[in-house]
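> Right, I'll just put the structure down here and ask away after.
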Amino acid sequence: MCKTKYPMLRHANVLAVCALTSLGALTSTAQELIYKEDFETDGEAANPQRYTTVGRDVYEVDRIRSELNNPDQLGPIYWAPNFQVSYTGVPAPTAARRMVMAWDLAITDAEASPALLDLFDSSIKWLLNNKAKAKIVVAGAGVDALGVLGARLTAAGHELVADDTTVVEEQITTQGDMLFHAGGGSRGAKAGFPMLVINSSDADDVLTSSIGTATALEAGKGKIVATGHPATGGKTGEFDIAAGSFTYQLLGDQLPANPVIVASFTAVGEDPPIVRPLIMLMNSTNDTPAGTVFGGGPFTGQSGSRFFGGAGMNKWTVPEQGDRSLTLQPINVRGKTNLKLTIAAAGTFLDFEVSSGTRGGADYLEVLVDTDGTGPNDFERLIFFTPPASDKKYVDDATTRPEKPTRLGLEFKDVTYDIPAGATDLIVEVRSLSTWWNEIFAFDNIRITSGTIVTPPPTVAIARDGTALKVTYTDVLVSSPNVNGPWTPVPGATSPYTVNTATGSGLYYRSSRP
Ligand SMILES: [Ca+2]
Ligand SMILES: [Ca+2]
Ligand SMILES: [Ca+2]
């Protein structure tokens, strides 16, 4: 008969009733919220304190320059609540047009194809919005070290000048009309004048793509992609790039949201061939459509408006413990079972490096728990976010949840982990490090829940009611002509449900959890 641990009720009139449930439905998913920290107020300044921190501070750009002498950090660096920081995230709009080119600056006039050089000229015209006799500031390379491209810019009537690195980012535009970024880290990332980027390792720092690689290859055919775009100069179809093998500064795999790929190219001898961007343009905020930088924009999806976060956390004195931390006051969880911790987390994805964390290393966001307060148990790692591999620049928690990692982005995501059994005075600690102003972690809405509420299993009872049978049940009443099913819900049934023995005879009834 009914293969269930619940009693089956059977009537002499060939009507049988039993309770059915799946084992998984035995324990309710309803949970008790024991604790919540949503960071809407400053819990460290509160009385009583809700948490303590180590290494909390905020360095806005002026303070970075005056106290740390670090002009490369173009945004605030901090370990602090977001309401104490001018901007938590990478500023999104592209301040001015950008052009990124896969190229090797060692390529000479004799080696480059005339078609490629024509395409370079027309793309630069777009970049400069047809400005003639532009003064082009060169960062990261000597003005004489630009190969055929330098010669081409000069031949077009432009002037090349070396970047004066004592000029601060906000004043770069006083040096000229355009930046040729051949190096120099984040130099020009937020500057409001056009920028040509030929430097794969800085692609992330200047917010044009994920970090790229310098790769030795022989370029095959180039191909116009953005046919009709003014940067093409009217060119269509395929063209040669350069004769011979060179070390191309390639763009990263991840591009901004709405780039213009002017032309792409493949390499000789690849099977199957990989199609790579050759020239990519990024619109300015004044173009239609407007451009956005790679990885840019504020964090979104937090609970309320406030959260806690960190950026460039190794760029000022790191506390003796090796990183920065936030520790919640002990939470009494005695007698609670099936404890879980949920935290909302977010992160940029520009240039994080793999880290083991323990203590120091590079880039990570870690959640630890000490389950017994001042008792002998020590903090143990519960959640760990770091890049999953050395060529990945985002973070996920594959270290602690390899079967189903969560990848962080600019929108907060909840992750939930089981807390070890037997916890009494639970202490939750968040620790973090990162190594650049655009390497940002954020977290919010830490919740501790207990899943101890158990909903009774479905029940069913049968009673004679005159010539009919009355079925009293919980959950959903299902019926079947066979005791082994298949079972279908009884249309419109509510408890108690009256079975007409004339028509209902021969059916089995069970109660089932939806
Ligand atoms: Ca919040
Ligand atoms: Ca880093
Ligand atoms: Ca302890």
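In the structure tokens, the first chain shown is A, the next is B, and so on; residue numbers restart at 1 for each chain, and ligands run from 1 in the order shown.
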Please identify every polymer residue within 7 Å of ligand 3, using only C-alpha atoms and all ligand atoms, and present the set as a PDB file with N, CA and C atoms, in the first residue's frame.

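Saved file part-v5.pdb follows:
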ATOM      1  N   ASP A 370      34.182  33.034  14.856  1.00  0.00           N
ATOM      2  CA  ASP A 370      34.624  32.399  16.106  1.00  0.00           C
ATOM      3  C   ASP A 370      33.335  32.008  16.810  1.00  0.00           C
ATOM      4  N   THR A 371      33.110  30.689  16.957  1.00  0.00           N
ATOM      5  CA  THR A 371      31.783  30.224  17.366  1.00  0.00           C
ATOM      6  C   THR A 371      31.532  30.311  18.860  1.00  0.00           C
ATOM      7  N   ASP A 372      32.591  30.566  19.666  1.00  0.00           N
ATOM      8  CA  ASP A 372      32.360  30.522  21.117  1.00  0.00           C
ATOM      9  C   ASP A 372      32.887  31.758  21.843  1.00  0.00           C
ATOM     10  N   GLY A 373      32.888  32.906  21.173  1.00  0.00           N
ATOM     11  CA  GLY A 373      33.305  34.146  21.842  1.00  0.00           C
ATOM     12  C   GLY A 373      34.679  34.013  22.470  1.00  0.00           C
ATOM     13  N   THR A 374      34.768  34.237  23.802  1.00  0.00           N
ATOM     14  CA  THR A 374      36.070  34.169  24.480  1.00  0.00           C
ATOM     15  C   THR A 374      36.495  32.729  24.733  1.00  0.00           C
ATOM     16  N   GLY A 375      35.667  31.763  24.354  1.00  0.00           N
ATOM     17  CA  GLY A 375      36.018  30.351  24.538  1.00  0.00           C
ATOM     18  C   GLY A 375      37.185  29.943  23.651  1.00  0.00           C
ATOM     19  N   PRO A 376      37.626  28.675  23.777  1.00  0.00           N
ATOM     20  CA  PRO A 376      38.880  28.250  23.148  1.00  0.00           C
ATOM     21  C   PRO A 376      38.849  28.176  21.614  1.00  0.00           C
ATOM     22  N   ASN A 377      37.691  28.094  21.018  1.00  0.00           N
ATOM     23  CA  ASN A 377      37.677  28.058  19.549  1.00  0.00           C
ATOM     24  C   ASN A 377      38.258  29.353  18.996  1.00  0.00           C
ATOM     25  N   ASP A 378      38.969  29.245  17.881  1.00  0.00           N
ATOM     26  CA  ASP A 378      39.534  30.442  17.252  1.00  0.00           C
ATOM     27  C   ASP A 378      38.714  30.775  16.005  1.00  0.00           C
ATOM     28  N   PHE A 379      39.023  31.924  15.409  1.00  0.00           N
ATOM     29  CA  PHE A 379      38.363  32.278  14.153  1.00  0.00           C
ATOM     30  C   PHE A 379      38.703  31.248  13.084  1.00  0.00           C
TER      31      PHE A 379
END
> Taking only range 151-341 of chain A into account, list the residues labelled strand (DSSP E) by DSSP (computed from the backbone), as a PyMOL selection string.
chain A and resi 159-162+178-181+195-197+214-224+238-239+245-249+260-267+276-282+297-298+308-311+324-328+331-332+339-341
> Of the candidates A:Leu128, A:Ala191, A:Leu281, A:Ile440, which one gets nearest to Ala346 in chain A if we count only C-alpha atoms?
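Selected residue with least distance to Ala346 in chain A: A:Ile440.
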> Within 9 Å of ligand 1 (counting only C-alpha atoms and all ligand atoms), which residues show up? I'd like them as a list in words.
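Protein and nucleic-acid residues within 9 Å of ligand 1: Glu37, Asp38, Phe39, Glu40, Thr41, Gln302, Ser303, Gly304, Ser305, Arg306, Phe307, Phe308, Phe443, Asp444 and Asn445 of chain A.
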> Just to confirm, what's the straight-line distance from CA of Asn129 in chain A to CA of Met282 in chain A in Å (one decimal)?
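Separating CA of Asn129 in chain A from CA of Met282 in chain A is a distance of 13.0 Å.
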> Kindly compile the residues surrounding ligand 2 within 6 Å, counting only C-alpha atoms and all ligand atoms, and format them as a ChimeraX atom specification.
/A:351-353,362-363,434-436
> Could those selected residues go to a file with C-alpha atoms, as a tab-separated table (two decimals), in the first residue's frame?

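This went into out12.tsv:
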chain	number	residue	atom	x	y	z
A	351	ASP	CA	42.78	43.74	-11.74
A	352	PHE	CA	42.36	41.54	-8.70
A	353	GLU	CA	45.15	39.05	-8.11
A	362	ALA	CA	46.97	40.64	-2.46
A	363	ASP	CA	43.26	40.86	-3.09
A	434	SER	CA	43.31	45.09	-2.24
A	435	THR	CA	46.11	46.85	-4.04
A	436	TRP	CA	44.75	49.63	-6.26
